[in-house]
file input-v7.cif (mmCIF, C-alpha atoms)
data_target
#
loop_
_atom_site.group_PDB
_atom_site.id
_atom_site.type_symbol
_atom_site.label_atom_id
_atom_site.label_comp_id
_atom_site.auth_asym_id
_atom_site.auth_seq_id
_atom_site.Cartn_x
_atom_site.Cartn_y
_atom_site.Cartn_z
ATOM 1 C CA MET A 26 122.605 127.019 -52.485
ATOM 2 C CA PRO A 27 119.359 125.796 -54.088
ATOM 3 C CA LEU A 28 116.625 124.439 -51.805
ATOM 4 C CA PHE A 29 115.121 121.000 -52.116
ATOM 5 C CA GLY A 30 111.423 120.469 -52.727
ATOM 6 C CA ALA A 31 110.725 119.381 -49.143
ATOM 7 C CA GLU A 32 112.419 122.491 -47.749
ATOM 8 C CA ARG A 33 110.510 124.776 -50.106
ATOM 9 C CA SER A 34 107.233 123.100 -49.067
ATOM 10 C CA ARG A 35 108.097 123.511 -45.401
ATOM 11 C CA ILE A 36 108.871 127.214 -45.842
ATOM 12 C CA TYR A 37 105.633 127.653 -47.794
ATOM 13 C CA ARG A 38 103.614 125.992 -45.015
ATOM 14 C CA GLU A 39 105.283 128.123 -42.368
ATOM 15 C CA LYS A 40 104.315 131.280 -44.257
ATOM 16 C CA MET A 41 100.805 129.949 -44.757
ATOM 17 C CA LYS A 42 100.395 129.315 -41.024
ATOM 18 C CA GLN A 43 100.976 132.974 -40.325
ATOM 19 C CA ASN A 44 97.687 133.736 -42.092
ATOM 20 C CA PRO A 45 94.986 131.597 -40.371
ATOM 21 C CA ALA A 46 92.324 132.125 -43.048
ATOM 22 C CA LYS A 47 94.597 131.053 -45.889
ATOM 23 C CA TYR A 48 95.898 128.158 -43.818
ATOM 24 C CA GLN A 49 92.353 126.856 -43.245
ATOM 25 C CA GLU A 50 91.653 127.089 -46.984
ATOM 26 C CA TYR A 51 94.877 125.214 -47.635
ATOM 27 C CA LEU A 52 93.866 122.457 -45.207
ATOM 28 C CA GLN A 53 90.432 122.112 -46.814
ATOM 29 C CA LEU A 54 91.997 121.824 -50.265
ATOM 30 C CA GLU A 55 94.414 119.204 -48.957
ATOM 31 C CA ARG A 56 91.536 117.202 -47.455
ATOM 32 C CA LYS A 57 89.597 117.320 -50.722
ATOM 33 C CA ARG A 58 92.662 116.294 -52.670
ATOM 34 C CA TYR A 59 93.297 113.390 -50.306
ATOM 35 C CA GLY A 60 89.654 112.307 -50.515
ATOM 36 C CA LYS A 61 89.787 112.362 -54.329
ATOM 37 C CA LYS A 62 92.967 110.269 -54.273
ATOM 38 C CA LYS A 63 91.269 107.767 -51.987
ATOM 39 C CA GLU A 64 88.218 107.549 -54.262
ATOM 40 C CA ASP A 65 90.412 107.043 -57.329
ATOM 41 C CA GLY A 66 92.329 104.278 -55.567
ATOM 42 C CA ASN A 67 95.669 106.082 -55.569
ATOM 43 C CA VAL A 68 95.766 106.027 -51.762
ATOM 44 C CA LYS A 69 95.150 102.727 -50.025
ATOM 45 C CA VAL A 70 93.728 102.667 -46.526
ATOM 46 C CA ILE A 71 95.297 100.399 -43.932
ATOM 47 C CA GLY A 72 92.611 97.764 -44.372
ATOM 48 C CA ASP A 73 93.484 97.315 -48.060
ATOM 49 C CA VAL A 74 97.242 96.824 -47.705
ATOM 50 C CA SER A 75 99.211 93.722 -46.779
ATOM 51 C CA LYS A 76 100.172 92.812 -43.218
ATOM 52 C CA ARG A 77 103.756 93.810 -43.792
ATOM 53 C CA GLU A 78 102.722 97.234 -45.078
ATOM 54 C CA ARG A 79 100.402 97.663 -42.078
ATOM 55 C CA ARG A 80 103.264 97.018 -39.694
ATOM 56 C CA ARG A 81 105.473 99.459 -41.578
ATOM 57 C CA ARG A 82 102.830 102.204 -41.545
ATOM 58 C CA ARG A 83 102.009 101.766 -37.894
ATOM 59 C CA ARG A 84 105.665 101.831 -36.971
ATOM 60 C CA TYR A 85 106.039 105.077 -38.956
ATOM 61 C CA TRP A 86 102.977 106.585 -37.254
ATOM 62 C CA ARG A 87 104.326 105.720 -33.824
ATOM 63 C CA GLU A 88 107.651 107.352 -34.617
ATOM 64 C CA MET A 89 105.932 110.486 -35.923
ATOM 65 C CA LYS A 90 103.722 110.610 -32.843
ATOM 66 C CA LYS A 91 106.781 110.534 -30.603
ATOM 67 C CA LYS A 92 108.345 113.410 -32.541
ATOM 68 C CA GLN A 93 105.271 115.626 -32.200
ATOM 69 C CA PRO A 94 105.828 118.491 -29.758
ATOM 70 C CA LEU A 95 103.703 118.489 -26.642
ATOM 71 C CA VAL A 96 101.292 121.427 -26.627
ATOM 72 C CA PRO A 97 101.153 122.918 -23.122
ATOM 73 C CA PRO A 98 97.577 123.437 -21.904
ATOM 74 C CA SER A 99 96.269 126.905 -21.305
ATOM 75 C CA PRO A 100 95.972 128.121 -17.686
ATOM 76 C CA SER A 101 92.174 128.169 -17.761
ATOM 77 C CA SER A 102 91.888 124.637 -19.111
ATOM 78 C CA SER A 103 94.529 123.333 -16.681
ATOM 79 C CA SER A 104 92.710 124.788 -13.669
ATOM 80 C CA HIS A 105 89.449 123.338 -14.951
ATOM 81 C CA LEU A 106 91.054 119.936 -15.406
ATOM 82 C CA THR A 107 92.591 119.973 -11.945
ATOM 83 C CA GLU A 108 89.192 120.720 -10.398
ATOM 84 C CA LYS A 109 87.678 117.871 -12.377
ATOM 85 C CA LYS A 110 90.479 115.577 -11.290
ATOM 86 C CA LYS A 111 89.935 116.509 -7.653
ATOM 87 C CA LEU A 112 86.230 115.789 -7.921
ATOM 88 C CA GLY A 113 86.949 112.510 -9.681
ATOM 89 C CA ARG A 114 89.422 111.434 -7.015
ATOM 90 C CA LYS A 115 86.943 112.205 -4.249
ATOM 91 C CA ARG A 116 84.305 110.173 -6.057
ATOM 92 C CA VAL A 117 86.711 107.271 -6.525
ATOM 93 C CA LYS A 118 87.649 107.373 -2.829
ATOM 94 C CA ARG A 119 83.994 107.326 -1.818
ATOM 95 C CA GLU A 120 83.310 104.376 -4.114
ATOM 96 C CA LYS A 121 86.324 102.501 -2.756
ATOM 97 C CA SER A 122 85.248 103.126 0.834
ATOM 98 C CA ARG A 123 81.694 101.998 0.076
ATOM 99 C CA THR A 124 82.959 98.862 -1.661
ATOM 100 C CA TYR A 125 85.328 98.083 1.215
ATOM 101 C CA ARG A 126 82.546 98.439 3.794
ATOM 102 C CA LYS A 127 80.276 96.245 1.697
ATOM 103 C CA MET A 128 82.967 93.570 1.421
ATOM 104 C CA GLN A 129 83.540 93.679 5.173
ATOM 105 C CA ASN A 130 79.817 93.213 5.840
ATOM 106 C CA LEU A 131 79.609 90.334 3.382
ATOM 107 C CA GLU A 132 82.629 88.624 4.957
ATOM 108 C CA GLU A 133 81.084 88.960 8.413
ATOM 109 C CA GLN A 134 77.790 87.504 7.180
ATOM 110 C CA LEU A 135 79.633 84.648 5.486
ATOM 111 C CA ASN A 136 81.592 83.878 8.651
ATOM 112 C CA ILE A 137 78.377 83.865 10.679
ATOM 113 C CA GLN A 138 76.715 81.505 8.194
ATOM 114 C CA ASN A 139 79.738 79.187 8.126
ATOM 115 C CA ASN A 140 79.931 79.122 11.918
ATOM 116 C CA GLU A 141 76.222 78.365 12.154
ATOM 117 C CA LYS A 142 76.553 75.608 9.572
ATOM 118 C CA LEU A 143 79.507 74.051 11.398
ATOM 119 C CA ARG A 144 77.706 74.315 14.723
ATOM 120 C CA LYS A 145 74.657 72.506 13.319
ATOM 121 C CA ARG A 146 76.837 69.850 11.734
ATOM 122 C CA LEU A 147 78.636 69.255 15.020
ATOM 123 C CA TYR A 148 75.330 69.080 16.863
ATOM 124 C CA ARG A 149 73.980 66.520 14.395
ATOM 125 C CA ALA A 150 77.177 64.487 14.624
ATOM 126 C CA ASN A 151 76.948 64.439 18.423
ATOM 127 C CA GLN A 152 73.268 63.550 18.385
ATOM 128 C CA LYS A 153 73.667 60.864 15.739
ATOM 129 C CA HIS A 154 73.433 57.374 17.159
ATOM 130 C CA ILE A 155 75.761 54.896 15.467
ATOM 131 C CA ASP A 156 74.313 51.409 15.470
ATOM 132 C CA PRO A 157 77.140 48.849 15.913
ATOM 133 C CA ASN A 158 74.984 46.150 14.305
ATOM 134 C CA SER A 159 74.200 48.061 11.102
ATOM 135 C CA PRO A 160 75.469 46.605 7.789
ATOM 136 C CA ARG A 161 77.668 49.610 7.045
ATOM 137 C CA THR A 162 79.344 49.468 10.468
ATOM 138 C CA LYS A 163 79.972 45.755 10.090
ATOM 139 C CA VAL A 164 81.632 46.290 6.709
ATOM 140 C CA LYS A 165 83.851 49.019 8.162
ATOM 141 C CA LEU A 166 84.855 46.778 11.058
ATOM 142 C CA ILE A 167 85.767 43.956 8.669
ATOM 143 C CA PHE A 168 88.184 46.180 6.762
ATOM 144 C CA LYS A 169 89.649 47.708 9.932
ATOM 145 C CA GLY A 170 90.222 44.598 12.014
ATOM 146 C CA PRO A 171 92.956 41.962 11.759
ATOM 147 C CA ASN A 172 92.898 39.521 8.825
ATOM 148 C CA SER A 173 90.754 42.022 6.952
ATOM 149 C CA ALA A 174 91.663 40.631 3.516
ATOM 150 C CA GLU A 175 90.616 37.109 4.462
ATOM 151 C CA LYS A 176 87.363 38.306 6.019
ATOM 152 C CA ALA A 177 86.571 40.495 3.022
ATOM 153 C CA ASN A 178 87.273 37.595 0.665
ATOM 154 C CA LYS A 179 84.922 35.337 2.606
ATOM 155 C CA MET A 180 82.235 38.000 2.744
ATOM 156 C CA LEU A 181 82.409 38.617 -1.013
ATOM 157 C CA LEU A 182 82.333 34.882 -1.701
ATOM 158 C CA PHE A 183 79.263 34.503 0.498
ATOM 159 C CA HIS A 184 77.663 37.466 -1.268
ATOM 160 C CA ASN A 185 78.228 35.986 -4.740
ATOM 161 C CA VAL A 186 77.103 32.487 -3.713
ATOM 162 C CA LEU A 187 73.929 33.893 -2.179
ATOM 163 C CA LEU A 188 73.190 35.968 -5.285
ATOM 164 C CA GLU A 189 73.756 33.020 -7.603
ATOM 165 C CA GLY A 190 71.496 30.814 -5.478
ATOM 166 C CA ILE A 191 68.659 33.348 -5.479
ATOM 167 C CA LYS A 192 69.078 33.987 -9.213
ATOM 168 C CA LYS A 193 69.069 30.264 -10.021
ATOM 169 C CA LYS A 194 66.027 29.611 -7.863
ATOM 170 C CA TYR A 195 64.215 32.554 -9.440
ATOM 171 C CA LYS A 196 64.945 31.469 -13.024
ATOM 172 C CA LEU A 197 64.167 27.774 -12.557
ATOM 173 C CA ASN A 198 60.923 28.412 -10.713
ATOM 174 C CA LYS A 199 57.877 28.384 -13.011
ATOM 175 C CA SER A 200 55.326 29.593 -10.505
ATOM 176 C CA GLU A 201 54.504 33.266 -10.888
ATOM 177 C CA LYS A 202 53.436 33.504 -7.271
ATOM 178 C CA THR A 203 56.774 32.151 -6.055
ATOM 179 C CA LYS A 204 58.636 34.603 -8.282
ATOM 180 C CA GLN A 205 56.627 37.443 -6.807
ATOM 181 C CA LEU A 206 57.405 36.221 -3.298
ATOM 182 C CA ILE A 207 61.136 36.102 -4.087
ATOM 183 C CA THR A 208 61.016 39.569 -5.616
ATOM 184 C CA LYS A 209 59.028 40.912 -2.692
ATOM 185 C CA GLY A 210 61.267 39.293 -0.088
ATOM 186 C CA VAL A 211 64.554 40.321 -1.668
ATOM 187 C CA LEU A 212 64.040 43.570 -3.567
ATOM 188 C CA CYS A 213 61.070 45.149 -1.775
ATOM 189 C CA ASN A 214 63.151 45.445 1.342
ATOM 190 C CA GLN A 215 63.407 48.618 3.376
ATOM 191 C CA LEU A 216 67.095 48.045 4.112
ATOM 192 C CA LEU A 217 67.906 47.954 0.398
ATOM 193 C CA LYS A 218 66.067 51.231 -0.072
ATOM 194 C CA LYS A 219 67.788 52.750 2.945
ATOM 195 C CA TYR A 220 71.291 51.902 1.721
ATOM 196 C CA ARG A 221 70.374 52.578 -1.935
ATOM 197 C CA LEU A 222 71.175 49.066 -3.080
ATOM 198 C CA GLN A 223 67.894 48.253 -4.805
ATOM 199 C CA LYS A 224 69.216 49.064 -8.276
ATOM 200 C CA TYR A 225 72.366 47.018 -7.678
ATOM 201 C CA ALA A 226 70.293 44.055 -6.480
ATOM 202 C CA LYS A 227 67.956 44.343 -9.471
ATOM 203 C CA THR A 228 70.913 44.309 -11.897
ATOM 204 C CA SER A 229 72.642 41.443 -10.098
ATOM 205 C CA LEU A 230 69.523 39.238 -9.951
ATOM 206 C CA GLU A 231 68.374 40.228 -13.471
ATOM 207 C CA ILE A 232 64.835 41.088 -12.386
ATOM 208 C CA THR A 233 62.866 43.630 -14.395
ATOM 209 C CA GLN A 234 61.576 46.883 -12.966
ATOM 210 C CA ARG A 235 58.008 45.977 -13.925
ATOM 211 C CA ARG A 236 58.081 42.829 -11.798
ATOM 212 C CA ILE A 237 59.524 44.777 -8.865
ATOM 213 C CA LYS A 238 56.776 47.374 -9.207
ATOM 214 C CA VAL A 239 54.039 44.727 -9.256
ATOM 215 C CA ALA A 240 55.531 42.946 -6.250
ATOM 216 C CA ASP A 241 55.871 46.223 -4.367
ATOM 217 C CA GLN A 242 52.227 47.116 -5.055
ATOM 218 C CA ASN A 243 51.043 43.693 -3.889
ATOM 219 C CA PHE A 244 53.226 43.992 -0.800
ATOM 220 C CA SER A 245 51.761 47.390 0.091
ATOM 221 C CA LEU A 246 48.223 46.079 -0.478
ATOM 222 C CA THR A 247 48.796 43.103 1.828
ATOM 223 C CA ARG A 248 50.177 45.400 4.514
ATOM 224 C CA LYS A 249 47.113 47.640 4.262
ATOM 225 C CA THR A 250 44.736 44.691 4.527
ATOM 226 C CA GLN A 251 46.623 43.367 7.545
ATOM 227 C CA LYS A 252 46.321 46.738 9.253
ATOM 228 C CA THR A 253 42.594 46.925 8.564
ATOM 229 C CA LEU A 254 42.066 43.393 9.905
ATOM 230 C CA LYS A 255 43.886 44.255 13.100
#
call {"tool": "encode", "arguments": {"input": "input-v7.cif", "output": "C-alpha coordinates"}}
result
Amino acid sequence: MPLFGAERSRIYREKMKQNPAKYQEYLQLERKRYGKKKEDGNVKVIGDVSKRERRRRRRYWREMKKKQPLVPPSPSSSSHLTEKKKLGRKRVKREKSRTYRKMQNLEEQLNIQNNEKLRKRLYRANQKHIDPNSPRTKVKLIFKGPNSAEKANKMLLFHNVLLEGIKKKYKLNKSEKTKQLITKGVLCNQLLKKYRLQKYAKTSLEITQRRIKVADQNFSLTRKTQKTLK
(Lines of atoms letter the chains of each structure in order from A and count residues from 1; the text may use other names and numbers.)
(Lines give C-alpha, C1' and ligand atoms only; values in the text may rest on other atoms or scores of the structure.)
Protein backbone atom coordinates (compact mmCIF):
# COMPACT_ATOMS: atom_id res chain seq x y z
CA MET A 1 0.00 0.00 0.00
CA PRO A 2 1.56 3.33 -1.02
CA LEU A 3 2.31 5.88 1.71
CA PHE A 4 0.96 9.40 1.75
CA GLY A 5 3.24 12.43 1.76
CA ALA A 6 2.63 13.20 5.44
CA GLU A 7 3.51 9.63 6.45
CA ARG A 8 6.68 9.66 4.37
CA SER A 9 7.70 12.98 5.97
CA ARG A 10 7.04 11.59 9.43
CA ILE A 11 9.15 8.50 8.76
CA TYR A 12 11.92 10.70 7.35
CA ARG A 13 11.90 12.90 10.46
CA GLU A 14 11.99 9.88 12.74
CA LYS A 15 15.08 8.57 10.94
CA MET A 16 16.64 12.02 11.05
CA LYS A 17 16.14 12.25 14.82
CA GLN A 18 18.25 9.16 15.30
CA ASN A 19 21.26 11.15 14.07
CA PRO A 20 21.48 14.30 16.26
CA ALA A 21 23.97 16.14 14.04
CA LYS A 22 21.88 15.70 10.90
CA TYR A 23 18.73 16.57 12.82
CA GLN A 24 20.25 19.87 14.00
CA GLU A 25 21.25 20.70 10.41
CA TYR A 26 17.72 19.87 9.31
CA LEU A 27 16.26 22.19 11.95
CA GLN A 28 18.57 25.04 10.93
CA LEU A 29 17.59 24.62 7.28
CA GLU A 30 13.92 24.62 8.26
CA ARG A 31 14.39 27.83 10.27
CA LYS A 32 16.14 29.53 7.35
CA ARG A 33 13.44 28.39 4.97
CA TYR A 34 10.72 29.69 7.29
CA GLY A 35 12.53 33.01 7.70
CA LYS A 36 12.83 33.40 3.92
CA LYS A 37 9.12 32.66 3.52
CA LYS A 38 8.33 35.30 6.13
CA GLU A 39 10.53 37.88 4.38
CA ASP A 40 8.92 37.13 1.02
CA GLY A 41 5.45 37.51 2.53
CA ASN A 42 4.39 33.92 1.93
CA VAL A 43 3.92 33.38 5.68
CA LYS A 44 1.86 35.90 7.59
CA VAL A 45 2.49 36.46 11.27
CA ILE A 46 -0.45 36.62 13.65
CA GLY A 47 -0.39 40.41 13.72
CA ASP A 48 -0.98 40.62 9.96
CA VAL A 49 -3.99 38.31 9.72
CA SER A 50 -7.65 39.01 10.41
CA LYS A 51 -9.30 38.50 13.79
CA ARG A 52 -11.05 35.39 12.62
CA GLU A 53 -7.79 33.86 11.41
CA ARG A 54 -6.14 34.76 14.73
CA ARG A 55 -8.82 32.91 16.64
CA ARG A 56 -8.47 29.90 14.36
CA ARG A 57 -4.68 29.79 14.73
CA ARG A 58 -4.75 30.18 18.48
CA ARG A 59 -7.36 27.47 18.80
CA TYR A 60 -5.14 25.18 16.68
CA TRP A 61 -2.09 26.01 18.81
CA ARG A 62 -3.96 25.23 22.00
CA GLU A 63 -5.07 21.87 20.63
CA MET A 64 -1.53 21.02 19.53
CA LYS A 65 -0.18 22.06 22.92
CA LYS A 66 -2.58 19.68 24.64
CA LYS A 67 -1.47 16.83 22.39
CA GLN A 68 2.22 17.35 23.15
CA PRO A 69 3.63 14.60 25.38
CA LEU A 70 4.83 15.66 28.80
CA VAL A 71 8.60 15.26 29.11
CA PRO A 72 9.42 13.82 32.55
CA PRO A 73 12.18 15.77 34.31
CA SER A 74 15.49 14.15 35.01
CA PRO A 75 16.23 13.01 38.59
CA SER A 76 18.93 15.62 39.13
CA SER A 77 16.76 18.50 37.95
CA SER A 78 13.76 17.26 39.96
CA SER A 79 15.78 17.09 43.18
CA HIS A 80 17.17 20.55 42.48
CA LEU A 81 13.68 21.90 41.88
CA THR A 82 12.31 20.34 45.04
CA GLU A 83 15.07 21.96 47.09
CA LYS A 84 14.31 25.29 45.47
CA LYS A 85 10.62 24.82 46.16
CA LYS A 86 11.32 24.05 49.81
CA LEU A 87 13.44 27.17 50.17
CA GLY A 88 10.78 29.23 48.41
CA ARG A 89 8.04 27.91 50.68
CA LYS A 90 10.06 28.71 53.78
CA ARG A 91 10.65 32.22 52.48
CA VAL A 92 6.95 32.67 51.72
CA LYS A 93 6.02 31.45 55.21
CA ARG A 94 8.46 33.88 56.80
CA GLU A 95 7.07 36.75 54.74
CA LYS A 96 3.50 35.80 55.65
CA SER A 97 4.36 35.62 59.34
CA ARG A 98 6.13 38.99 59.20
CA THR A 99 3.19 40.56 57.38
CA TYR A 100 0.71 39.08 59.86
CA ARG A 101 2.67 40.41 62.84
CA LYS A 102 2.91 43.82 61.20
CA MET A 103 -0.84 43.88 60.58
CA GLN A 104 -1.52 42.90 64.18
CA ASN A 105 0.70 45.72 65.46
CA LEU A 106 -0.96 48.23 63.15
CA GLU A 107 -4.43 47.13 64.27
CA GLU A 108 -3.43 47.50 67.92
CA GLN A 109 -2.03 50.98 67.28
CA LEU A 110 -5.19 51.95 65.40
CA ASN A 111 -7.40 50.71 68.23
CA ILE A 112 -5.34 52.68 70.74
CA GLN A 113 -5.61 55.83 68.63
CA ASN A 114 -9.37 55.38 68.15
CA ASN A 115 -9.90 54.78 71.86
CA GLU A 116 -7.86 57.86 72.71
CA LYS A 117 -9.80 59.93 70.20
CA LEU A 118 -13.14 58.73 71.57
CA ARG A 119 -12.00 59.35 75.13
CA LYS A 120 -11.01 62.93 74.29
CA ARG A 121 -14.27 63.51 72.46
CA LEU A 122 -16.25 62.24 75.43
CA TYR A 123 -14.23 64.41 77.78
CA ARG A 124 -14.86 67.49 75.64
CA ALA A 125 -18.56 66.67 75.42
CA ASN A 126 -18.79 66.35 79.20
CA GLN A 127 -16.83 69.54 79.79
CA LYS A 128 -18.76 71.52 77.19
CA HIS A 129 -21.20 73.96 78.74
CA ILE A 130 -24.42 74.32 76.77
CA ASP A 131 -25.87 77.79 77.11
CA PRO A 132 -29.71 77.58 77.17
CA ASN A 133 -29.95 81.20 76.01
CA SER A 134 -27.75 80.83 72.92
CA PRO A 135 -29.36 81.42 69.49
CA ARG A 136 -28.71 77.87 68.31
CA THR A 137 -30.31 76.35 71.42
CA LYS A 138 -33.34 78.59 71.06
CA VAL A 139 -33.81 77.51 67.44
CA LYS A 140 -33.57 73.85 68.43
CA LEU A 141 -36.13 74.34 71.20
CA ILE A 142 -38.54 76.03 68.78
CA PHE A 143 -38.49 73.04 66.44
CA LYS A 144 -38.73 70.51 69.29
CA GLY A 145 -41.52 72.03 71.34
CA PRO A 146 -45.28 72.03 70.73
CA ASN A 147 -46.69 74.19 67.92
CA SER A 148 -43.25 74.16 66.34
CA ALA A 149 -44.55 74.98 62.85
CA GLU A 150 -46.39 78.07 64.06
CA LYS A 151 -43.41 79.27 66.08
CA ALA A 152 -41.03 78.68 63.18
CA ASN A 153 -43.35 80.56 60.83
CA LYS A 154 -43.48 83.53 63.20
CA MET A 155 -39.72 83.49 63.68
CA LEU A 156 -39.06 83.44 59.93
CA LEU A 157 -41.58 86.23 59.38
CA PHE A 158 -39.90 88.33 62.05
CA HIS A 159 -36.52 87.59 60.48
CA ASN A 160 -37.64 88.71 57.01
CA VAL A 161 -39.42 91.82 58.31
CA LEU A 162 -36.34 92.83 60.29
CA LEU A 163 -34.07 92.29 57.28
CA GLU A 164 -36.33 94.30 55.00
CA GLY A 165 -36.50 97.14 57.52
CA ILE A 166 -32.72 97.32 57.90
CA LYS A 167 -32.22 97.08 54.13
CA LYS A 168 -34.77 99.83 53.45
CA LYS A 169 -33.30 102.11 56.09
CA TYR A 170 -29.80 101.50 54.74
CA LYS A 171 -30.74 102.24 51.11
CA LEU A 172 -32.85 105.33 51.81
CA ASN A 173 -30.30 106.88 54.14
CA LYS A 174 -27.97 109.33 52.36
CA SER A 175 -25.56 109.91 55.21
CA GLU A 176 -22.35 107.93 54.85
CA LYS A 177 -21.77 108.02 58.58
CA THR A 178 -25.18 106.49 59.29
CA LYS A 179 -24.55 103.77 56.72
CA GLN A 180 -21.27 102.96 58.41
CA LEU A 181 -23.00 102.80 61.78
CA ILE A 182 -25.63 100.40 60.41
CA THR A 183 -22.95 98.24 58.81
CA LYS A 184 -20.88 98.28 61.98
CA GLY A 185 -23.84 97.52 64.23
CA VAL A 186 -25.27 94.72 62.11
CA LEU A 187 -22.44 93.04 60.22
CA CYS A 188 -19.41 93.74 62.42
CA ASN A 189 -20.95 91.67 65.15
CA GLN A 190 -19.07 88.97 67.02
CA LEU A 191 -22.13 86.72 67.17
CA LEU A 192 -22.42 86.72 63.38
CA LYS A 193 -18.77 85.74 63.11
CA LYS A 194 -19.19 83.07 65.76
CA TYR A 195 -22.13 81.40 64.02
CA ARG A 196 -20.67 82.05 60.54
CA LEU A 197 -23.60 84.13 59.39
CA GLN A 198 -21.72 87.22 58.24
CA LYS A 199 -21.75 86.20 54.58
CA TYR A 200 -25.46 85.38 54.72
CA ALA A 201 -26.21 88.75 56.33
CA LYS A 202 -24.09 90.57 53.74
CA THR A 203 -25.96 88.87 50.88
CA SER A 204 -29.37 89.45 52.46
CA LEU A 205 -28.75 93.16 53.17
CA GLU A 206 -26.92 93.73 49.86
CA ILE A 207 -23.93 95.43 51.47
CA THR A 208 -20.57 95.28 49.73
CA GLN A 209 -17.49 93.68 51.25
CA ARG A 210 -15.54 96.93 50.90
CA ARG A 211 -18.02 98.81 53.09
CA ILE A 212 -17.93 96.04 55.69
CA LYS A 213 -14.13 96.16 55.72
CA VAL A 214 -14.08 99.93 56.19
CA ALA A 215 -16.66 99.75 58.97
CA ASP A 216 -14.76 96.94 60.67
CA GLN A 217 -11.51 98.94 60.55
CA ASN A 218 -13.20 102.02 62.00
CA PHE A 219 -14.81 99.87 64.68
CA SER A 220 -11.47 98.37 65.70
CA LEU A 221 -9.86 101.83 65.74
CA THR A 222 -12.58 103.22 68.02
CA ARG A 223 -12.17 100.28 70.37
CA LYS A 224 -8.42 100.86 70.55
CA THR A 225 -8.86 104.56 71.29
CA GLN A 226 -11.40 103.77 74.00
CA LYS A 227 -8.96 101.37 75.63
CA THR A 228 -6.15 103.92 75.55
CA LEU A 229 -8.40 106.60 77.06
CA LYS A 230 -9.37 104.29 79.89
call {"tool": "resolve_selection", "arguments": {"input": "input-v7.cif", "expression": "the PyMOL selection byres ((chain A and resi 230) around 12)", "output": "list in words"}}
result
Asn185, Val186, Leu187, Leu188, Glu189, Gly190, Ile191, Lys192, Lys193, Lys194, Tyr195, Lys196, Lys204, Ile207, Thr208, Val211, Leu212, Gln223, Lys224, Tyr225, Ala226, Lys227, Thr228, Ser229, Glu231, Ile232, Thr233, Gln234 and Ile237 of chain A
call {"tool": "atom_distance", "arguments": {"input": "input-v7.cif", "atom1": "atom CA of A:Tyr220", "atom2": "atom CA of A:Glu175"}}
result
24.5 Å
call {"tool": "atom_distance", "arguments": {"input": "input-v7.cif", "atom1": "atom CA of A:Gly210", "atom2": "atom CA of A:His184"}}
result
16.5 Å
call {"tool": "atom_distance", "arguments": {"input": "input-v7.cif", "atom1": "atom CA of A:Val164", "atom2": "atom CA of A:Asp241"}}
result
28.0 Å
